[in-house]
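Contents: one structure, followed by commentary.
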Amino acid sequence: MAFKQQYKNIKTKIIEKVILITLHRPEALNALSRDLIDDLNHALDNAEQDKKISLIVLTGSAKAFAAGADIKEMNSKSFTDLINDDFIKPWEKISLCKKPTIAAVDGYALGGGCELAMMCDLLIANENTKFGQPEINLGVFPAAGGTQRLPKAIGKAKAMDMILSGRMMEAEEAEKLGLVSRIISSENFLEQVLEIAKEISEKSLPALIMAKDAINSSYDTSLSQGIIYERRLFRSAFSLDDQKEGMQAFIEKRKAKFKNS
Ligand code: DAK
């Protein structure tokens with residue numbers, strides 16, 4: 001399997017150890033159509049398998065990261081359609097990636113767009129970013145993890161407010177509440193995100209994967225179980241050449257050269 005030369009609904013670019021995936025359906029503000037998700041998942045599968053890639057950055061345009069599920073594709077579906085074909089299931093692939101993921105969110109991140117961003121490990125926004133779960137205005141409610149991930153990120157009171165009123169939330173408020181990892185200026189936004197991505201991608205990939213795994217396990221386990229899991233993973237890190245290299249480099253006052261092994 002290899003990346004396609006050209007996708008219809010996304011663009012891909014490999015920059016050293018980072019793959020930049022840009023959602024590209026400008027006519028629909030990157031609404032998450034089935035075809036777009038197929039393209040995205042094809043690229044994600046390749047990124048996961050490609051040993052030269054350590055980190056995935058997902059972005060959209062200055063106007064919209066993504067305006068949600070494609071309402072025009074979804075509006076005529078019936079209950080039976082949804083029971084027979086869970087069209088949202090494939091959206092979850094990015095949340096299952098082993099490699100670190102960064103959502104670089106500019107403009108609107110609404111509905112499924114906000115949910116997709118929340119599935120990433122880091123969520124970086126700028127002062128123009130607007131988050132929202134406006135599904136209530138369509139007579140439905142968030143169902144790609146929004147009712148679960150949003151309260152975990154920002155607390156019940158604020159999640160209820162956003163989901164029941166459908167209001168948008170500015171990046172500044174989202175950052176204060178813990179939805180956003182960092183806000184950086186919209187000037188050269190993507191370049192700045194790629195700098196952060198490069199810095200992370202140069203660390204030991206197995207250590208990144210284990211760290212991410214440990215953090216994610218905290219969602220589903222008790223504190224004591226999570227601490228046991230963390231400790232087991234930590235012990236495993238001592239089987240890596242990268243652990244020896246990282247600690248030796250510190251002692252020798254030089255930058256570590258990780259081999260991802
Ligand atoms: N779907 C389809 N087309 C969309 C779209 C969307 N979500 N958002 C925008 N567009 C299209 C517009 O229809 C318009 O197309 P034309 O009319 O030019 O053909 C074009 O993009 C430009 O949009 P606007 O003209 O509206 O642009 P404005 O700047 O005036 O407004 C906006 C920007 C983002 C405020 C507005 O477009 C907007 O409110 N968009 C909809 C946002 C929204 O309601 N998002 C939630 C979608 S529902 C499920 C799980 C999850 C979900 C579904 C199922 N299951 C488990 C089964 C998720 C649901 C959602 O995400």
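Ordering of the structure tokens sets the chain letters (A, B, ...); residue numbers start at 1 within each chain; ligands are numbered from 1 in the order shown.
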Protein and nucleic acid residues within 6 Å of ligand 1 (only C-alpha atoms and all ligand atoms) as a PyMOL selection string: chain A and resi 27-29+31+67-72+82+88+108+110-112+134-135+142-144
From the DSSP assignment of the backbone, select every residue of region 178-221 of chain A that is alpha helix (DSSP H), and format the answer as a list in words. Phe189, Leu190, Glu191, Gln192, Val193, Leu194, Glu195, Ile196, Ala197, Lys198, Glu199, Ile200, Ser201, Leu205, Pro206, Ala207, Leu208, Ile209, Met210, Ala211, Lys212, Asp213, Ala214, Ile215, Asn216, Ser217, Ser218, Tyr219 and Asp220 of chain A
Would you write out those residues with C-alpha atoms, as a PDB file, in the first residue's frame?
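Below is the file selection-v6.pdb, written as the result:
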ATOM      1  CA  PHE A 189       0.103  29.327  11.699  1.00  0.00           C
ATOM      2  CA  LEU A 190       0.885  26.137   9.839  1.00  0.00           C
ATOM      3  CA  GLU A 191       4.641  26.769   9.776  1.00  0.00           C
ATOM      4  CA  GLN A 192       4.576  27.195  13.539  1.00  0.00           C
ATOM      5  CA  VAL A 193       2.552  24.000  14.021  1.00  0.00           C
ATOM      6  CA  LEU A 194       4.994  22.143  11.772  1.00  0.00           C
ATOM      7  CA  GLU A 195       7.887  23.386  13.944  1.00  0.00           C
ATOM      8  CA  ILE A 196       6.175  21.860  16.991  1.00  0.00           C
ATOM      9  CA  ALA A 197       5.507  18.686  14.992  1.00  0.00           C
ATOM     10  CA  LYS A 198       9.165  18.491  13.910  1.00  0.00           C
ATOM     11  CA  GLU A 199      10.366  18.878  17.470  1.00  0.00           C
ATOM     12  CA  ILE A 200       8.130  16.029  18.672  1.00  0.00           C
ATOM     13  CA  SER A 201       8.890  13.821  15.650  1.00  0.00           C
ATOM     14  CA  LEU A 205       8.886   7.017  18.360  1.00  0.00           C
ATOM     15  CA  PRO A 206       8.472   3.935  20.601  1.00  0.00           C
ATOM     16  CA  ALA A 207       8.638   6.235  23.660  1.00  0.00           C
ATOM     17  CA  LEU A 208       6.069   8.582  22.094  1.00  0.00           C
ATOM     18  CA  ILE A 209       3.773   5.655  21.363  1.00  0.00           C
ATOM     19  CA  MET A 210       4.083   4.318  24.907  1.00  0.00           C
ATOM     20  CA  ALA A 211       3.510   7.765  26.457  1.00  0.00           C
ATOM     21  CA  LYS A 212       0.404   8.263  24.325  1.00  0.00           C
ATOM     22  CA  ASP A 213      -0.833   4.776  25.167  1.00  0.00           C
ATOM     23  CA  ALA A 214      -0.401   5.426  28.895  1.00  0.00           C
ATOM     24  CA  ILE A 215      -2.266   8.745  28.756  1.00  0.00           C
ATOM     25  CA  ASN A 216      -5.118   7.281  26.714  1.00  0.00           C
ATOM     26  CA  SER A 217      -5.463   4.385  29.145  1.00  0.00           C
ATOM     27  CA  SER A 218      -6.264   6.926  31.874  1.00  0.00           C
ATOM     28  CA  TYR A 219      -9.630   7.493  30.166  1.00  0.00           C
ATOM     29  CA  ASP A 220     -10.766   3.911  30.640  1.00  0.00           C
TER      30      ASP A 220
END
Extract, using only C-alpha atoms, all DNA, RNA and protein residues at most 12 Å from region 238-245 of chain A, discarding same-chain residues fewer than 2 positions from it, and format them as a list in words.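 Surrounding residues, per the criterion: Glu202, Lys203, Ser204, Leu205, Pro206, Ala207, Leu208, Met210, Arg231, Arg232, Leu233, Phe234, Arg235, Ser236, Met247, Gln248, Ala249, Phe250, Ile251, Glu252, Lys253, Arg254, Lys255, Ala256, Lys257, Phe258, Lys259, Asn260 and Ser261 of chain A.
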All strand (DSSP E) positions in region 87-173 of chain A, as a PyMOL selection string: chain A and resi 101-105+108-110+122-125+130-132+168-170
Could you take the residues named above and write them with N, CA and C atoms, as a PDB file, in the first residue's frame?
ATOM      1  N   THR A 101      -0.643  12.385  16.869  1.00  0.00           N
ATOM      2  CA  THR A 101      -1.397  13.174  15.900  1.00  0.00           C
ATOM      3  C   THR A 101      -1.606  14.584  16.451  1.00  0.00           C
ATOM      4  N   ILE A 102      -1.535  15.546  15.556  1.00  0.00           N
ATOM      5  CA  ILE A 102      -1.803  16.938  15.940  1.00  0.00           C
ATOM      6  C   ILE A 102      -2.903  17.471  15.029  1.00  0.00           C
ATOM      7  N   ALA A 103      -3.945  18.049  15.624  1.00  0.00           N
ATOM      8  CA  ALA A 103      -4.934  18.773  14.827  1.00  0.00           C
ATOM      9  C   ALA A 103      -4.518  20.238  14.832  1.00  0.00           C
ATOM     10  N   ALA A 104      -4.260  20.779  13.648  1.00  0.00           N
ATOM     11  CA  ALA A 104      -3.926  22.200  13.506  1.00  0.00           C
ATOM     12  C   ALA A 104      -5.202  22.882  13.024  1.00  0.00           C
ATOM     13  N   VAL A 105      -5.902  23.510  13.973  1.00  0.00           N
ATOM     14  CA  VAL A 105      -7.277  23.924  13.714  1.00  0.00           C
ATOM     15  C   VAL A 105      -7.375  25.436  13.523  1.00  0.00           C
ATOM     16  N   TYR A 108     -13.496  27.428  11.369  1.00  0.00           N
ATOM     17  CA  TYR A 108     -14.565  26.664  12.040  1.00  0.00           C
ATOM     18  C   TYR A 108     -14.175  25.208  12.287  1.00  0.00           C
ATOM     19  N   ALA A 109     -14.398  24.748  13.509  1.00  0.00           N
ATOM     20  CA  ALA A 109     -14.327  23.316  13.815  1.00  0.00           C
ATOM     21  C   ALA A 109     -15.670  22.989  14.465  1.00  0.00           C
ATOM     22  N   LEU A 110     -16.595  22.567  13.629  1.00  0.00           N
ATOM     23  CA  LEU A 110     -17.988  22.427  14.087  1.00  0.00           C
ATOM     24  C   LEU A 110     -18.459  20.995  13.971  1.00  0.00           C
ATOM     25  N   LEU A 122      -2.794  16.270  20.161  1.00  0.00           N
ATOM     26  CA  LEU A 122      -2.639  17.690  20.476  1.00  0.00           C
ATOM     27  C   LEU A 122      -3.616  18.458  19.608  1.00  0.00           C
ATOM     28  N   LEU A 123      -4.196  19.501  20.185  1.00  0.00           N
ATOM     29  CA  LEU A 123      -5.107  20.334  19.408  1.00  0.00           C
ATOM     30  C   LEU A 123      -4.541  21.754  19.467  1.00  0.00           C
ATOM     31  N   ILE A 124      -4.030  22.205  18.345  1.00  0.00           N
ATOM     32  CA  ILE A 124      -3.416  23.534  18.304  1.00  0.00           C
ATOM     33  C   ILE A 124      -4.318  24.449  17.477  1.00  0.00           C
ATOM     34  N   ALA A 125      -4.613  25.620  18.039  1.00  0.00           N
ATOM     35  CA  ALA A 125      -5.545  26.535  17.389  1.00  0.00           C
ATOM     36  C   ALA A 125      -4.909  27.919  17.289  1.00  0.00           C
ATOM     37  N   LYS A 130     -12.880  28.742  15.799  1.00  0.00           N
ATOM     38  CA  LYS A 130     -14.170  28.697  16.522  1.00  0.00           C
ATOM     39  C   LYS A 130     -14.621  27.252  16.624  1.00  0.00           C
ATOM     40  N   PHE A 131     -14.856  26.813  17.848  1.00  0.00           N
ATOM     41  CA  PHE A 131     -15.323  25.446  18.079  1.00  0.00           C
ATOM     42  C   PHE A 131     -16.831  25.468  18.326  1.00  0.00           C
ATOM     43  N   GLY A 132     -17.495  24.396  17.921  1.00  0.00           N
ATOM     44  CA  GLY A 132     -18.923  24.327  18.204  1.00  0.00           C
ATOM     45  C   GLY A 132     -19.473  22.943  17.965  1.00  0.00           C
ATOM     46  N   MET A 168     -21.040  28.762  19.585  1.00  0.00           N
ATOM     47  CA  MET A 168     -19.630  28.566  19.248  1.00  0.00           C
ATOM     48  C   MET A 168     -18.768  29.067  20.396  1.00  0.00           C
ATOM     49  N   MET A 169     -17.583  28.492  20.487  1.00  0.00           N
ATOM     50  CA  MET A 169     -16.634  28.879  21.525  1.00  0.00           C
ATOM     51  C   MET A 169     -15.335  29.355  20.872  1.00  0.00           C
ATOM     52  N   GLU A 170     -14.901  30.538  21.274  1.00  0.00           N
ATOM     53  CA  GLU A 170     -13.653  31.087  20.735  1.00  0.00           C
ATOM     54  C   GLU A 170     -12.460  30.287  21.281  1.00  0.00           C
TER      55      GLU A 170
END
Exercise: region 151-161 of chain A partners within 7 Å, only C-alpha atoms, chain neighbours under 6 positions left out, as a ChimeraX atom specification: /A:177-179
Contacts of Gly139 (chain A) at 12 Å (only C-alpha atoms; same-chain gap of 5+ positions) as a list of chain:residue names: A:Ile71, A:Asn75, A:Pro134, A:Ile163, A:Leu164, A:Ser165, A:Gly166
Compare A:Lys93, A:Lys13, A:Gly145, A:Ser185 by their minimum atom-to-atom distance to Ile53 (chain A), counting only C-alpha atoms, and give me the closest one. A:Lys13
Just the number, please: distance in Å from CA of Phe3 (chain A) to CA of Lys63 (chain A), one decimal.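 Computed distance, CA of Phe3 (chain A) to CA of Lys63 (chain A), equals 26.4 Å.
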By how many Å are CA of Ile15 (chain A) and CA of Ser95 (chain A) apart?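 CA of Ile15 (chain A) sits 22.0 Å away from CA of Ser95 (chain A).
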Could you please determine the separation between CA of Gln6 (chain A) and CA of Thr129 (chain A) in Å, to one decimal place? 27.9 Å
